[in-house]
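A.B. asks: Structure: work.cif, mmCIF, C-alpha atoms.
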```cif
data_target
#
loop_
_atom_site.label_atom_id
_atom_site.label_comp_id
_atom_site.auth_asym_id
_atom_site.auth_seq_id
_atom_site.Cartn_x
_atom_site.Cartn_y
_atom_site.Cartn_z
CA MET A 1 99.93 109.94 74.44
CA LEU A 2 100.83 107.00 76.65
CA PRO A 3 101.05 107.64 80.42
CA SER A 4 104.60 108.29 81.59
CA SER A 5 106.44 108.40 84.90
CA ILE A 6 107.67 111.28 87.04
CA GLN A 7 110.51 110.34 89.39
CA ILE A 8 112.25 112.94 91.55
CA SER A 9 114.32 111.99 94.59
CA GLY A 10 115.58 114.10 97.49
CA GLU A 11 115.12 117.47 95.80
CA PRO A 12 113.24 120.63 96.77
CA LEU A 13 110.32 121.07 94.37
CA SER A 14 109.86 124.45 92.74
CA GLY A 15 106.48 125.98 91.99
CA ALA A 16 106.98 125.31 88.28
CA GLU A 17 107.72 121.61 88.92
CA VAL A 18 104.62 121.29 91.08
CA ARG A 19 102.51 122.89 88.33
CA ASP A 20 103.90 120.42 85.78
CA ILE A 21 103.15 117.47 88.09
CA CYS A 22 99.59 118.68 88.66
CA ARG A 23 99.03 119.23 84.94
CA GLY A 24 100.24 115.73 84.15
CA LEU A 25 97.93 114.21 86.77
CA ARG A 26 94.91 116.19 85.57
CA ASP A 27 95.62 115.21 81.96
CA ASN A 28 95.93 111.54 82.99
CA ALA A 29 99.42 111.48 81.54
CA VAL A 30 101.17 110.03 84.61
CA ARG A 31 101.20 106.33 85.54
CA LEU A 32 103.97 106.47 88.14
CA LEU A 33 104.63 109.41 90.47
CA SER A 34 107.65 109.11 92.76
CA LEU A 35 108.59 112.07 94.97
CA ARG A 36 110.80 110.07 97.32
CA GLY A 37 112.36 112.35 99.97
CA CYS A 38 111.36 115.54 98.16
CA ARG A 39 110.81 118.80 100.01
CA LEU A 40 107.83 121.01 99.28
CA CYS A 41 105.62 123.45 101.15
CA ASP A 42 102.23 122.47 102.56
CA ARG A 43 100.44 124.52 99.89
CA ASP A 44 102.14 122.65 97.05
CA PHE A 45 101.53 119.30 98.73
CA GLY A 46 97.84 120.16 98.86
CA ARG A 47 97.84 121.09 95.16
CA ILE A 48 99.35 117.72 94.25
CA CYS A 49 96.81 115.89 96.41
CA ARG A 50 93.91 117.68 94.74
CA ALA A 51 95.29 116.81 91.32
CA LEU A 52 95.83 113.12 92.10
CA ALA A 53 92.30 112.87 93.49
CA GLY A 54 90.91 113.02 89.97
CA ALA A 55 93.71 111.17 88.18
CA THR A 56 92.58 107.94 86.52
CA SER A 57 95.89 106.77 85.03
CA LEU A 58 98.01 106.88 88.21
CA ALA A 59 98.87 103.33 89.30
CA GLN A 60 101.85 103.86 91.63
CA LEU A 61 102.44 106.63 94.14
CA ASN A 62 105.74 106.83 96.04
CA LEU A 63 105.91 109.37 98.89
CA ASN A 64 108.66 107.60 100.84
CA LEU A 65 111.03 109.25 103.31
CA GLY A 66 109.06 111.96 105.04
CA VAL A 67 107.04 113.60 102.28
CA VAL A 68 103.88 112.95 104.30
CA SER A 69 105.38 114.71 107.31
CA SER A 70 102.48 116.10 109.35
CA PRO A 71 98.90 115.34 110.41
CA SER A 72 97.59 117.95 107.98
CA ARG A 73 99.33 116.24 105.07
CA ILE A 74 97.98 112.86 106.16
CA LYS A 75 94.48 114.35 106.06
CA GLN A 76 95.06 115.84 102.60
CA LEU A 77 96.34 112.51 101.26
CA ALA A 78 93.38 110.69 102.80
CA GLU A 79 90.96 113.10 101.11
CA ALA A 80 92.65 112.52 97.75
CA LEU A 81 92.59 108.72 98.15
CA ARG A 82 88.88 108.77 98.92
CA THR A 83 88.26 110.03 95.39
CA ASN A 84 91.08 108.40 93.44
CA ARG A 85 90.36 104.78 92.52
CA SER A 86 93.29 103.98 90.22
CA ILE A 87 96.23 103.61 92.62
CA GLN A 88 97.50 100.05 92.85
CA SER A 89 100.74 100.64 94.79
CA LEU A 90 101.27 103.10 97.62
CA PHE A 91 104.69 103.60 99.23
CA LEU A 92 104.86 105.64 102.45
CA HIS A 93 108.07 104.15 103.88
CA GLY A 94 109.74 106.41 106.46
CA SER A 95 106.70 108.63 107.06
CA PRO A 96 105.81 109.61 110.66
CA LEU A 97 102.25 108.30 110.37
CA THR A 98 101.82 106.78 113.85
CA ASP A 99 98.70 104.77 114.64
CA ALA A 100 96.59 107.93 114.58
CA GLY A 101 97.69 108.81 111.06
CA LEU A 102 97.02 105.30 109.78
CA ALA A 103 93.54 105.54 111.29
CA LEU A 104 92.94 108.58 109.06
CA LEU A 105 94.18 106.77 105.94
CA ASN A 106 92.46 103.47 106.65
CA PRO A 107 88.95 104.27 105.32
CA ALA A 108 90.35 105.81 102.14
CA LEU A 109 92.66 102.87 101.43
CA ALA A 110 89.76 100.47 101.92
CA LEU A 111 88.14 101.99 98.81
CA HIS A 112 90.94 100.53 96.67
CA PRO A 113 90.04 96.82 96.22
CA ALA A 114 92.81 96.42 93.61
CA LEU A 115 95.60 97.56 95.95
CA VAL A 116 98.60 95.34 95.23
CA ALA A 117 101.49 96.85 97.23
CA LEU A 118 101.49 98.82 100.46
CA ASP A 119 104.72 99.95 102.16
CA LEU A 120 104.32 101.12 105.76
CA GLY A 121 107.87 100.39 106.93
CA ASP A 122 109.43 102.77 109.46
CA CYS A 123 106.15 104.67 109.86
CA MET A 124 106.27 104.75 113.68
CA LEU A 125 103.65 102.02 113.99
CA GLY A 126 103.38 99.37 116.68
CA ASP A 127 101.37 96.28 117.53
CA GLU A 128 98.21 98.38 117.84
CA ALA A 129 98.48 99.31 114.16
CA ILE A 130 97.85 95.67 113.18
CA ASN A 131 94.18 96.27 113.95
CA LEU A 132 94.15 99.19 111.51
CA ILE A 133 96.06 97.34 108.81
CA CYS A 134 93.50 94.53 108.98
CA GLY A 135 90.84 97.05 108.05
CA LEU A 136 92.53 97.50 104.68
CA LEU A 137 92.26 93.85 103.69
CA PRO A 138 88.71 92.48 103.94
CA PRO A 139 86.00 93.88 101.65
CA ASP A 140 83.63 96.37 103.30
CA GLY A 141 85.83 96.43 106.40
CA ALA A 142 84.57 93.06 107.62
CA LYS A 143 85.76 92.16 111.10
CA SER A 144 85.58 89.02 113.26
CA GLY A 145 85.72 89.57 116.98
CA ASP A 146 87.93 91.85 119.00
CA HIS A 147 91.13 89.85 118.95
CA VAL A 148 93.93 90.60 116.53
CA ALA A 149 94.29 86.96 115.56
CA GLY A 150 90.66 86.67 114.52
CA MET A 151 90.81 89.91 112.55
CA LEU A 152 93.91 88.80 110.68
CA ALA A 153 92.35 85.44 109.86
CA VAL A 154 89.30 87.10 108.32
CA ALA A 155 91.48 89.67 106.54
CA VAL A 156 93.66 87.10 104.83
CA ALA A 157 90.74 84.82 103.94
CA SER A 158 88.89 87.78 102.39
CA SER A 159 91.69 89.47 100.46
CA ARG A 160 92.22 88.30 96.89
CA THR A 161 94.46 91.15 95.77
CA LEU A 162 97.03 92.19 98.40
CA GLU A 163 100.35 90.64 97.41
CA VAL A 164 103.01 92.75 99.16
CA LEU A 165 102.89 93.93 102.79
CA ASP A 166 105.92 95.74 104.24
CA LEU A 167 105.95 95.97 108.06
CA GLU A 168 109.68 96.60 108.43
CA GLY A 169 110.71 98.39 111.63
CA THR A 170 107.17 98.84 112.93
CA GLY A 171 107.81 97.61 116.48
CA LEU A 172 106.15 94.22 116.09
CA THR A 173 106.84 91.46 118.61
CA ASN A 174 106.75 87.66 118.66
CA GLN A 175 103.10 87.83 119.69
CA SER A 176 102.14 89.58 116.45
CA ALA A 177 104.47 87.35 114.44
CA GLN A 178 102.76 84.24 115.81
CA THR A 179 99.42 85.66 114.67
CA LEU A 180 100.86 86.32 111.22
CA LEU A 181 102.26 82.79 111.14
CA ASP A 182 98.88 81.30 112.01
CA MET A 183 97.10 83.23 109.28
CA VAL A 184 99.62 82.28 106.58
CA GLU A 185 99.53 78.64 107.67
CA ASN A 186 95.76 78.21 107.89
CA TYR A 187 94.26 80.42 105.18
CA PRO A 188 94.78 80.69 101.41
CA THR A 189 96.22 84.10 100.64
CA ALA A 190 97.40 86.18 97.69
CA LEU A 191 100.37 87.41 99.73
CA ARG A 192 103.68 86.95 97.95
CA SER A 193 105.87 88.94 100.33
CA LEU A 194 105.61 89.84 104.00
CA VAL A 195 108.54 91.98 105.16
CA LEU A 196 109.21 91.82 108.92
CA ALA A 197 112.83 93.01 109.13
CA GLU A 198 114.02 95.19 112.03
CA ASN A 199 111.30 94.07 114.44
CA SER A 200 111.57 92.27 117.78
CA ILE A 201 110.71 88.95 116.15
CA SER A 202 112.76 85.80 116.59
CA PRO A 203 114.63 84.46 113.54
CA GLU A 204 112.79 81.16 113.96
CA LEU A 205 109.37 82.76 113.57
CA GLN A 206 110.52 84.81 110.59
CA GLN A 207 111.89 81.70 108.92
CA GLN A 208 108.67 79.76 109.51
CA ILE A 209 106.63 82.51 107.85
CA CYS A 210 109.11 82.70 104.99
CA ASP A 211 108.98 78.92 104.48
CA LEU A 212 105.18 78.89 104.35
CA LEU A 213 105.06 81.66 101.75
CA SER A 214 107.71 79.80 99.76
CA GLU A 215 105.66 76.61 99.89
CA GLY A 216 102.68 78.47 98.46
CA GLU A 217 104.80 79.70 95.55
CA GLU A 218 106.10 76.19 94.85
CA GLU A 219 102.62 74.66 94.93
CA GLU A 220 101.41 77.18 92.36
CA GLU A 221 104.37 76.40 90.16
CA VAL A 222 103.49 72.70 90.22
CA ALA A 223 99.86 73.49 89.40
CA GLY A 224 100.93 75.70 86.53
CA GLY A 225 101.26 72.83 84.06
CA SER A 226 103.98 71.64 81.77
CA GLY A 227 105.52 75.00 80.85
CA ASP A 228 108.23 74.83 83.48
CA THR A 229 108.93 71.16 82.68
CA GLN A 230 109.47 71.99 79.02
CA ASP A 231 111.86 74.77 80.00
CA ARG A 232 113.88 72.36 82.09
CA GLU A 233 113.98 69.82 79.28
CA ARG A 234 115.39 72.48 76.97
CA GLY A 235 118.07 73.25 79.54
CA ARG A 236 116.75 76.70 80.37
CA GLU A 237 116.41 77.70 83.99
CA PRO A 238 112.85 78.80 84.78
CA ALA A 239 112.24 81.98 86.79
CA ALA A 240 112.59 81.30 90.51
CA HIS A 241 109.33 81.29 92.47
CA GLN A 242 107.40 82.64 89.49
CA ARG A 243 103.85 83.68 90.19
CA GLY A 244 102.08 85.91 87.71
CA ASN A 245 104.68 88.46 86.64
CA SER A 246 106.49 88.78 89.94
CA SER A 247 109.26 87.10 91.88
CA TRP A 248 110.68 87.37 95.35
CA MET A 249 113.66 86.09 97.26
CA CYS A 250 113.61 85.01 100.87
CA PRO A 251 116.97 85.39 102.63
CA SER A 252 118.56 82.41 104.34
CA ASP A 253 119.17 84.71 107.30
CA PRO A 254 115.67 85.87 108.42
CA SER A 255 117.14 88.96 110.11
CA SER A 256 118.56 90.29 106.85
CA GLN A 257 116.73 92.54 104.39
CA MET A 258 114.40 90.79 101.98
CA VAL A 259 115.12 91.50 98.33
CA LEU A 260 111.82 92.14 96.57
CA MET A 261 111.15 92.81 92.92
CA THR A 262 107.72 93.19 91.38
CA SER A 263 106.80 93.81 87.77
CA GLY A 264 103.12 92.96 87.74
CA LEU A 265 102.09 96.58 87.15
CA GLY A 266 104.07 96.96 83.92
CA ASP A 267 107.59 97.75 82.84
CA SER A 268 107.08 101.47 83.32
CA LEU A 269 106.68 101.11 87.07
CA LEU A 270 109.43 100.94 89.67
CA ALA A 271 110.99 97.51 89.92
CA GLU A 272 111.38 97.65 93.68
CA THR A 273 110.24 99.52 96.74
CA GLU A 274 112.60 102.43 97.23
CA MET A 275 114.06 102.60 100.69
#
```
Take the structure I supplied and represent it as structure tokens, if you would.
C.D. replies:
Amino acid sequence: MLPSSIQISGEPLSGAEVRDICRGLRDNAVRLLSLRGCRLCDRDFGRICRALAGATSLAQLNLNLGVVSSPSRIKQLAEALRTNRSIQSLFLHGSPLTDAGLALLNPALALHPALVALDLGDCMLGDEAINLICGLLPPDGAKSGDHVAGMLAVAVASSRTLEVLDLEGTGLTNQSAQTLLDMVENYPTALRSLVLAENSISPELQQQICDLLSEGEEEEEVAGGSGDTQDRERGREPAAHQRGNSSWMCPSDPSSQMVLMTSGLGDSLLAETEM
């Protein structure tokens, strides 16, 4: 049986539903698990975490909008992620992690070298959390000095897999944005999308970062060969900013929400980060 998806949004989970979810994870029958905004007791959350620890088919886990709602749940999720090695996309948007919670998750997330998408928007993080996020990027937690800028430079230069980083509403300032701009400008990176909406960052800095990411996409298109040229000659419009199996759109107004669609993990996965 091919792995399937379980998607439940904004509902209280019954004991029977939790048992079915756990059975599917243990049987490696679930590729996508989305419990966005669902309500469940701490005991059931722990049961799900124990089941996903051993799951080998799970590629995308969506716990957006407050499912990970306490320090104890953060610890349970961290324990599960230390064992699970299959997750490629993790969405925790709208979870009250704080810097302390991210510190608990950081070592476990570092065990996932194939992590493609990480959503930490509206997780009550600030500039200090940049140091923790950098720990997710370089292999073996490599660091370079004590300054954020140096850490980010090493992180981006080392990471060959991270393509989507959502830092929406995390309290970042122009100082952090300048560091992000420097790393995108000076180091080759696999990043396709960097979401900085709802932060105290000037539109000019956001646009500069957006332009640099866009330039990287265009350069790869040119290096891709004659396929796009043949499409144009036949009068067909090629996919905008195509890179692998994904595309992204950068808004003309940097303060507006970025529209992001990814399909690199397969058609069975969610097409966009659920907000």
A.B. asks: Between atom CA of Cys22 of chain A and atom CA of Ile6 of chain A, what distance in Å does the model show, to one decimal?
C.D. replies: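 About the pair atom CA of Cys22 of chain A and atom CA of Ile6 of chain A: they are 11.1 Å apart.
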A.B. asks: So the first atom is atom CA of Arg36 of chain A and the second is atom CA of Ala80 of chain A; what is the distance between them in Å, to one decimal place?
C.D. replies: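 Computing the Euclidean distance for atom CA of Arg36 of chain A and atom CA of Ala80 of chain A yields 18.3 Å.
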A.B. asks: Since I can't run it myself right now, could you work out what the PyMOL selection byres ((chain A and resi 60) around 9) selects here and report it as a compact mmCIF listing (two decimals) with C-alpha atoms, in the coordinates of the input?
C.D. replies:
```txt
# COMPACT_ATOMS: atom_id res chain seq x y z
CA ARG A 31 101.20 106.33 85.54
CA LEU A 32 103.97 106.47 88.14
CA LEU A 33 104.63 109.41 90.47
CA SER A 34 107.65 109.11 92.76
CA LEU A 58 98.01 106.88 88.21
CA ALA A 59 98.87 103.33 89.30
CA LEU A 61 102.44 106.63 94.14
CA ASN A 62 105.74 106.83 96.04
CA SER A 86 93.29 103.98 90.22
CA ILE A 87 96.23 103.61 92.62
CA GLN A 88 97.50 100.05 92.85
CA SER A 89 100.74 100.64 94.79
CA LEU A 90 101.27 103.10 97.62
CA PHE A 91 104.69 103.60 99.23
CA ALA A 117 101.49 96.85 97.23
CA LEU A 265 102.09 96.58 87.15
CA LEU A 269 106.68 101.11 87.07
CA LEU A 270 109.43 100.94 89.67
```
A.B. asks: To test the calculation: enclose all listed atoms of segment 193-196 of chain A in a box whose edges run along x, y and z, add 3 Å on each side, then state centre and edge lengths in Å to one decimal, as AutoDock Vina command-line options.
C.D. replies:
```
--center_x 107.4 --center_y 90.5 --center_z 104.6 --size_x 9.6 --size_y 9.0 --size_z 14.6
```
A.B. asks: Counting all atoms listed in the file, what is within 7 Å of Leu132 of chain A, bar same-chain residues fewer than 4 positions away, as a list of chain:residue names?
C.D. replies: A:Leu102, A:Ala103, A:Asn106
A.B. asks: Using all atoms listed in the file, find the one residue out of A:Gln76, A:Ser95, A:Ser176, A:Ser69 that sits nearest to Arg50 of chain A.
C.D. replies: A:Gln76
A.B. asks: With distances taken over all atoms listed in the file, which of A:Ala129, A:Cys49, A:Val30, A:Cys41 is nearest to Leu13 of chain A?
C.D. replies: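 Among the listed residues, the smallest separation from Leu13 of chain A belongs to A:Cys41.
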A.B. asks: Atom CA of Asp182 of chain A and atom CA of Leu205 of chain A are how many Å apart?
C.D. replies: 10.7 Å
A.B. asks: Name every residue that the PyMOL selection byres ((chain A and resi 93) around 6) selects in this structure, writing the answer as a CSV table (one decimal) with C-alpha atoms, keeping the file's coordinate frame with chains first and numbers rising.
C.D. replies:
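Once everything was written out, this is out09.csv:
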```
chain,number,residue,atom,x,y,z
A,64,ASN,CA,108.7,107.6,100.8
A,65,LEU,CA,111.0,109.2,103.3
A,91,PHE,CA,104.7,103.6,99.2
A,92,LEU,CA,104.9,105.6,102.4
A,94,GLY,CA,109.7,106.4,106.5
A,95,SER,CA,106.7,108.6,107.1
A,119,ASP,CA,104.7,100.0,102.2
A,120,LEU,CA,104.3,101.1,105.8
A,121,GLY,CA,107.9,100.4,106.9
A,122,ASP,CA,109.4,102.8,109.5
```
A.B. asks: Which of these residues is nearest to Met183 of chain A, using all atoms listed in the file: A:Leu63, A:Leu212, A:Pro107, A:Ala16?
C.D. replies: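 The closest residue to Met183 of chain A is A:Leu212.
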A.B. asks: Using the chain letters and numbering of this document, enumerate as a list of chain:residue names the residues selected by the PyMOL selection byres ((chain A and resi 206) around 9).
C.D. replies: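 Matching residues under the PyMOL selection byres ((chain A and resi 206) around 9) are A:Ala177, A:Leu181, A:Leu196, A:Ala197, A:Ile201, A:Ser202, A:Pro203, A:Glu204, A:Leu205, A:Gln207, A:Gln208, A:Ile209, A:Cys210, A:Asp211, A:Pro254, A:Ser255.
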A.B. asks: Produce a file of the selected residues containing C-alpha atoms, as a tab-separated table (two decimals), in the frame of the given file.
C.D. replies:
```
chain	number	residue	atom	x	y	z
A	177	ALA	CA	104.47	87.35	114.44
A	181	LEU	CA	102.26	82.79	111.14
A	196	LEU	CA	109.21	91.82	108.92
A	197	ALA	CA	112.83	93.01	109.13
A	201	ILE	CA	110.71	88.95	116.15
A	202	SER	CA	112.76	85.80	116.59
A	203	PRO	CA	114.63	84.46	113.54
A	204	GLU	CA	112.79	81.16	113.96
A	205	LEU	CA	109.37	82.76	113.57
A	207	GLN	CA	111.89	81.70	108.92
A	208	GLN	CA	108.67	79.76	109.51
A	209	ILE	CA	106.63	82.51	107.85
A	210	CYS	CA	109.11	82.70	104.99
A	211	ASP	CA	108.98	78.92	104.48
A	254	PRO	CA	115.67	85.87	108.42
A	255	SER	CA	117.14	88.96	110.11
```
